>>> print(open('query_28.cif').read())   # mmCIF, C-alpha atoms
data_structure
loop_
_atom_site.group_PDB
_atom_site.id
_atom_site.type_symbol
_atom_site.label_atom_id
_atom_site.label_comp_id
_atom_site.auth_asym_id
_atom_site.auth_seq_id
_atom_site.Cartn_x
_atom_site.Cartn_y
_atom_site.Cartn_z
ATOM 1 C CA MET A 1 0.359 12.537 0.592
ATOM 2 C CA SER A 2 0.262 10.808 -2.787
ATOM 3 C CA GLU A 3 -2.650 11.192 -5.146
ATOM 4 C CA TYR A 4 -3.491 8.715 -7.927
ATOM 5 C CA LEU A 5 -4.788 9.273 -11.440
ATOM 6 C CA VAL A 6 -5.843 6.828 -14.131
ATOM 7 C CA LEU A 7 -5.185 8.276 -17.570
ATOM 8 C CA THR A 8 -6.484 6.717 -20.786
ATOM 9 C CA ALA A 9 -5.448 7.976 -24.221
ATOM 10 C CA MET A 10 -6.555 6.777 -27.644
ATOM 11 C CA GLY A 11 -5.696 8.012 -31.098
ATOM 12 C CA PRO A 12 -3.720 7.518 -34.282
ATOM 13 C CA ASP A 13 -0.799 5.098 -33.955
ATOM 14 C CA ARG A 14 2.074 7.511 -34.453
ATOM 15 C CA THR A 15 5.667 7.211 -33.386
ATOM 16 C CA GLY A 16 6.326 9.393 -30.356
ATOM 17 C CA SER A 17 2.822 9.669 -28.878
ATOM 18 C CA VAL A 18 3.615 7.406 -25.931
ATOM 19 C CA SER A 19 6.914 9.211 -25.443
ATOM 20 C CA ASP A 20 5.147 12.581 -25.381
ATOM 21 C CA LEU A 21 2.623 11.378 -22.793
ATOM 22 C CA THR A 22 5.249 9.830 -20.511
ATOM 23 C CA LYS A 23 7.361 12.986 -20.877
ATOM 24 C CA LEU A 24 4.385 15.090 -19.750
ATOM 25 C CA ALA A 25 3.854 12.859 -16.714
ATOM 26 C CA SER A 26 7.518 13.162 -15.783
ATOM 27 C CA GLU A 27 7.645 16.935 -16.300
ATOM 28 C CA CYS A 28 4.625 17.349 -14.017
ATOM 29 C CA GLY A 29 6.340 15.329 -11.295
ATOM 30 C CA CYS A 30 4.172 12.230 -11.642
ATOM 31 C CA ASN A 31 5.384 8.662 -11.440
ATOM 32 C CA ILE A 32 3.903 5.923 -13.659
ATOM 33 C CA LEU A 33 2.987 2.995 -11.398
ATOM 34 C CA ASP A 34 1.434 0.798 -14.067
ATOM 35 C CA SER A 35 0.718 1.056 -17.777
ATOM 36 C CA ARG A 36 -0.662 -0.908 -20.716
ATOM 37 C CA MET A 37 -0.538 -0.090 -24.394
ATOM 38 C CA ALA A 38 -2.113 -1.834 -27.370
ATOM 39 C CA ILE A 39 -2.571 -1.238 -31.078
ATOM 40 C CA PHE A 40 -6.051 -1.765 -32.533
ATOM 41 C CA GLY A 41 -6.150 -1.359 -36.300
ATOM 42 C CA LEU A 42 -4.522 2.018 -36.923
ATOM 43 C CA GLU A 43 -5.259 3.300 -33.405
ATOM 44 C CA PHE A 44 -3.294 2.922 -30.197
ATOM 45 C CA THR A 45 -4.608 2.932 -26.659
ATOM 46 C CA LEU A 46 -2.575 3.694 -23.560
ATOM 47 C CA ILE A 47 -3.704 3.337 -19.965
ATOM 48 C CA MET A 48 -1.533 4.548 -17.092
ATOM 49 C CA LEU A 49 -1.867 4.663 -13.331
ATOM 50 C CA LEU A 50 0.017 7.720 -12.135
ATOM 51 C CA THR A 51 0.925 8.891 -8.678
ATOM 52 C CA GLY A 52 2.201 12.216 -7.409
ATOM 53 C CA SER A 53 1.483 15.067 -5.087
ATOM 54 C CA ASN A 54 -1.830 16.863 -5.424
ATOM 55 C CA LYS A 55 0.038 19.680 -7.179
ATOM 56 C CA ALA A 56 1.696 17.279 -9.657
ATOM 57 C CA ILE A 57 -1.575 15.520 -10.502
ATOM 58 C CA HIS A 58 -3.398 18.841 -10.875
ATOM 59 C CA GLN A 59 -0.628 20.121 -13.160
ATOM 60 C CA LEU A 60 -0.943 17.053 -15.379
ATOM 61 C CA GLU A 61 -4.740 17.376 -15.461
ATOM 62 C CA SER A 62 -4.327 21.004 -16.581
ATOM 63 C CA LYS A 63 -1.685 20.372 -19.256
ATOM 64 C CA LEU A 64 -3.015 17.135 -20.778
ATOM 65 C CA PRO A 65 -5.853 18.654 -22.879
ATOM 66 C CA ALA A 66 -3.444 20.798 -24.924
ATOM 67 C CA VAL A 67 -1.012 17.913 -25.458
ATOM 68 C CA ALA A 68 -3.873 15.584 -26.377
ATOM 69 C CA HIS A 69 -5.233 18.085 -28.886
ATOM 70 C CA GLU A 70 -1.804 18.459 -30.489
ATOM 71 C CA LEU A 71 -1.441 14.653 -30.773
ATOM 72 C CA GLU A 72 -5.080 14.175 -31.937
ATOM 73 C CA LEU A 73 -5.835 11.980 -28.919
ATOM 74 C CA ILE A 74 -9.021 11.343 -27.028
ATOM 75 C CA THR A 75 -8.162 11.272 -23.325
ATOM 76 C CA MET A 76 -9.968 10.546 -20.126
ATOM 77 C CA MET A 77 -8.719 10.968 -16.556
ATOM 78 C CA LYS A 78 -10.077 9.823 -13.245
ATOM 79 C CA ARG A 79 -8.666 10.268 -9.770
ATOM 80 C CA THR A 80 -8.535 7.067 -7.817
ATOM 81 C CA SER A 81 -7.035 5.572 -4.708
ATOM 82 C CA GLY A 82 -3.816 3.602 -4.604
ATOM 83 C CA TYR A 83 -3.335 -0.095 -4.899
ATOM 84 C CA ARG A 84 -5.524 -2.231 -2.716
ATOM 85 C CA GLU A 85 -3.747 -5.422 -1.755
ATOM 86 C CA GLN A 86 -5.862 -8.540 -2.142
ATOM 87 C CA ASP A 87 -5.461 -11.870 -0.413
ATOM 88 C CA TYR A 88 -4.856 -13.690 -3.669
ATOM 89 C CA VAL A 89 -2.846 -16.822 -3.202
ATOM 90 C CA HIS A 90 -2.915 -18.481 -6.614
ATOM 91 C CA HIS A 91 -2.538 -16.971 -10.075
ATOM 92 C CA TYR A 92 -3.729 -18.715 -13.222
ATOM 93 C CA GLN A 93 -3.721 -18.170 -16.949
ATOM 94 C CA VAL A 94 -6.879 -19.279 -18.715
ATOM 95 C CA ASP A 95 -6.482 -19.966 -22.428
ATOM 96 C CA TYR A 96 -8.958 -20.961 -25.082
ATOM 97 C CA ALA A 97 -8.781 -21.149 -28.858
ATOM 98 C CA GLY A 98 -10.862 -22.303 -31.809
ATOM 99 C CA ILE A 99 -13.113 -21.078 -34.578
ATOM 100 C CA ASP A 100 -14.559 -17.676 -33.697
ATOM 101 C CA GLN A 101 -18.243 -17.506 -32.954
ATOM 102 C CA PRO A 102 -20.538 -14.868 -31.476
ATOM 103 C CA GLY A 103 -21.052 -14.998 -27.728
ATOM 104 C CA ILE A 104 -18.012 -16.958 -26.596
ATOM 105 C CA LEU A 105 -16.217 -14.042 -24.921
ATOM 106 C CA LYS A 106 -19.487 -13.021 -23.280
ATOM 107 C CA ALA A 107 -19.941 -16.572 -21.966
ATOM 108 C CA VAL A 108 -16.363 -16.837 -20.685
ATOM 109 C CA THR A 109 -16.406 -13.489 -18.888
ATOM 110 C CA ALA A 110 -19.829 -14.327 -17.407
ATOM 111 C CA PHE A 111 -18.418 -17.696 -16.292
ATOM 112 C CA PHE A 112 -15.879 -15.914 -14.090
ATOM 113 C CA ALA A 113 -18.232 -13.128 -12.985
ATOM 114 C CA THR A 114 -20.861 -15.575 -11.695
ATOM 115 C CA ARG A 115 -18.136 -17.231 -9.615
ATOM 116 C CA ASN A 116 -16.966 -13.880 -8.182
ATOM 117 C CA ILE A 117 -13.566 -14.244 -9.868
ATOM 118 C CA ASP A 118 -11.956 -11.019 -11.034
ATOM 119 C CA ILE A 119 -10.208 -10.922 -14.386
ATOM 120 C CA SER A 120 -6.928 -9.025 -14.076
ATOM 121 C CA SER A 121 -5.954 -9.194 -17.748
ATOM 122 C CA LEU A 122 -7.715 -10.162 -20.964
ATOM 123 C CA LYS A 123 -6.284 -10.471 -24.467
ATOM 124 C CA THR A 124 -8.194 -11.803 -27.458
ATOM 125 C CA GLU A 125 -7.190 -12.049 -31.087
ATOM 126 C CA ILE A 126 -8.967 -13.199 -34.238
ATOM 127 C CA ASN A 127 -7.154 -14.212 -37.416
ATOM 128 C CA GLN A 128 -9.558 -12.901 -40.029
ATOM 129 C CA LYS A 129 -8.078 -15.118 -42.770
ATOM 130 C CA ASN A 130 -9.110 -18.386 -41.118
ATOM 131 C CA ASN A 131 -11.587 -17.085 -38.493
ATOM 132 C CA HIS A 132 -9.471 -18.634 -35.711
ATOM 133 C CA MET A 133 -9.587 -16.878 -32.342
ATOM 134 C CA SER A 134 -7.553 -17.208 -29.195
ATOM 135 C CA ALA A 135 -7.779 -15.676 -25.761
ATOM 136 C CA ALA A 136 -5.545 -15.414 -22.708
ATOM 137 C CA ILE A 137 -7.059 -14.370 -19.402
ATOM 138 C CA LEU A 138 -5.274 -13.856 -16.092
ATOM 139 C CA ILE A 139 -7.162 -14.529 -12.883
ATOM 140 C CA ALA A 140 -6.179 -14.643 -9.217
ATOM 141 C CA LEU A 141 -7.896 -16.885 -6.708
ATOM 142 C CA MET A 142 -8.303 -16.969 -2.967
ATOM 143 C CA GLU A 143 -7.137 -20.012 -1.025
ATOM 144 C CA GLU A 144 -10.635 -21.451 -0.654
ATOM 145 C CA THR A 145 -11.366 -21.652 -4.413
ATOM 146 C CA SER A 146 -11.313 -25.193 -5.811
ATOM 147 C CA ILE A 147 -9.215 -25.070 -8.968
ATOM 148 C CA GLU A 148 -10.226 -28.639 -9.859
ATOM 149 C CA GLN A 149 -13.922 -27.755 -9.938
ATOM 150 C CA LEU A 150 -13.260 -24.467 -11.720
ATOM 151 C CA GLU A 151 -11.214 -26.200 -14.402
ATOM 152 C CA SER A 152 -13.821 -28.939 -14.863
ATOM 153 C CA ASP A 153 -16.605 -26.361 -15.256
ATOM 154 C CA PHE A 154 -14.483 -24.276 -17.636
ATOM 155 C CA LEU A 155 -13.704 -27.274 -19.852
ATOM 156 C CA GLN A 156 -17.438 -28.035 -20.032
ATOM 157 C CA LEU A 157 -18.026 -24.472 -21.205
ATOM 158 C CA CYS A 158 -15.293 -24.867 -23.833
ATOM 159 C CA GLU A 159 -16.974 -28.049 -25.085
ATOM 160 C CA GLN A 160 -20.239 -26.153 -25.545
ATOM 161 C CA PHE A 161 -18.460 -23.765 -27.924
ATOM 162 C CA ASP A 162 -16.249 -26.454 -29.490
ATOM 163 C CA VAL A 163 -13.014 -24.704 -28.487
ATOM 164 C CA GLN A 164 -9.898 -25.983 -26.752
ATOM 165 C CA GLY A 165 -9.270 -24.577 -23.292
ATOM 166 C CA CYS A 166 -7.014 -24.941 -20.282
ATOM 167 C CA ILE A 167 -6.233 -23.320 -16.952
ATOM 168 C CA LYS A 168 -2.613 -23.321 -15.836
ATOM 169 C CA LYS A 169 -1.008 -22.077 -12.646
ATOM 170 C CA ILE A 170 1.513 -19.285 -13.022
ATOM 171 C CA GLN A 171 3.937 -17.791 -10.542
ATOM 172 C CA SER A 172 3.331 -14.246 -9.283
ATOM 173 C CA ASN A 173 6.588 -13.111 -10.896
ATOM 174 C CA GLN A 174 5.298 -14.207 -14.335
ATOM 175 C CA ILE A 175 2.379 -11.770 -14.243
ATOM 176 C CA ASP A 176 2.614 -8.741 -16.549
#
>>> encode(input="query_28.cif", output="structure tokens")
Amino acid sequence: MSEYLVLTAMGPDRTGSVSDLTKLASECGCNILDSRMAIFGLEFTLIMLLTGSNKAIHQLESKLPAVAHELELITMMKRTSGYREQDYVHHYQVDYAGIDQPGILKAVTAFFATRNIDISSLKTEINQKNNHMSAAILIALMEETSIEQLESDFLQLCEQFDVQGCIKKIQSNQID
């Protein structure tokens, strides 16, 4: 029976760190089901969902601290269950952009939370030279959700913050 482990690693952005972590997973007999990596300043962050036998996951849990220490990484691991299929029918990308201001990301994430809409991906960037920010959010909706009403409400929120926004349908195969 397969076990699942979420592994998060953060540390100095050095060539080879991701390779060393994926090599460890492979050597322990784990398979990487999903992963995300990002650079923040001079630090990188990697998140992986791994699967393997109980023995393979245990082996990785035992070996990771030494590898992390050697690479100067902070790591965290948590056992979890496998993928849970949802009845999502429609996938959308929500974009907004404008002059950065405190509270906009909080308002946008609260907008979706109060409507019981899960965010599956979130990426924000701020250009510090001109204080311009942009965000891309992926959401998935059930059949009964009215996209017209959602989009109308979202555009009203964007107006409150004086940013440009849109919601566009994407195909399932376009999702990262």
>>> residues_near_point(input="query_28.cif", point="(-17.2, -26.0, -17.7)", cutoff="12 Å", atoms="all atoms listed in the file", output="PyMOL selection string")
chain A and resi 107-108+110-112+115+147-167
>>> atom_distance(input="query_28.cif", atom1="atom CA of A:Ala66", atom2="atom CA of A:Thr51")
20.6 Å
>>> resolve_selection(input="query_28.cif", expression="the PyMOL selection byres ((chain A and resi 40-46) around 7)", output="JSON, numbers by chain")
{"A": [8, 9, 10, 11, 12, 13, 36, 37, 38, 39, 47, 48]}
>>> atom_distance(input="query_28.cif", atom1="atom CA of A:Glu72", atom2="atom CA of A:Glu125")
26.3 Å
>>> closest_residue(input="query_28.cif", among="A:Leu7, A:Cys28, A:Met142, A:Ile126", to="A:Gly52", atoms="only C-alpha atoms")
A:Cys28
>>> closest_residue(input="query_28.cif", among="A:Leu49, A:Leu73, A:Leu60, A:Ile99", to="A:Glu27", atoms="only C-alpha atoms")
A:Leu60
>>> closest_residue(input="query_28.cif", among="A:Ala135, A:Val6, A:Ala56, A:Leu50", to="A:Asp100", atoms="only C-alpha atoms")
A:Ala135
>>> atom_distance(input="query_28.cif", atom1="atom CA of A:Cys30", atom2="atom CA of A:Lys78")
14.5 Å
>>> residues_near_point(input="query_28.cif", point="(-10.9, -15.6, -13.9)", cutoff="7 Å", atoms="all atoms listed in the file", output="ChimeraX atom specification")
/A:112,117-119,137-140
>>> closest_residue(input="query_28.cif", among="A:Ser26, A:Ser53, A:Thr15, A:Ser121", to="A:Tyr92", atoms="all atoms listed in the file")
A:Ser121
>>> closest_residue(input="query_28.cif", among="A:Ala97, A:Leu33, A:Val18, A:Leu105", to="A:Ala68", atoms="all atoms listed in the file")
A:Val18
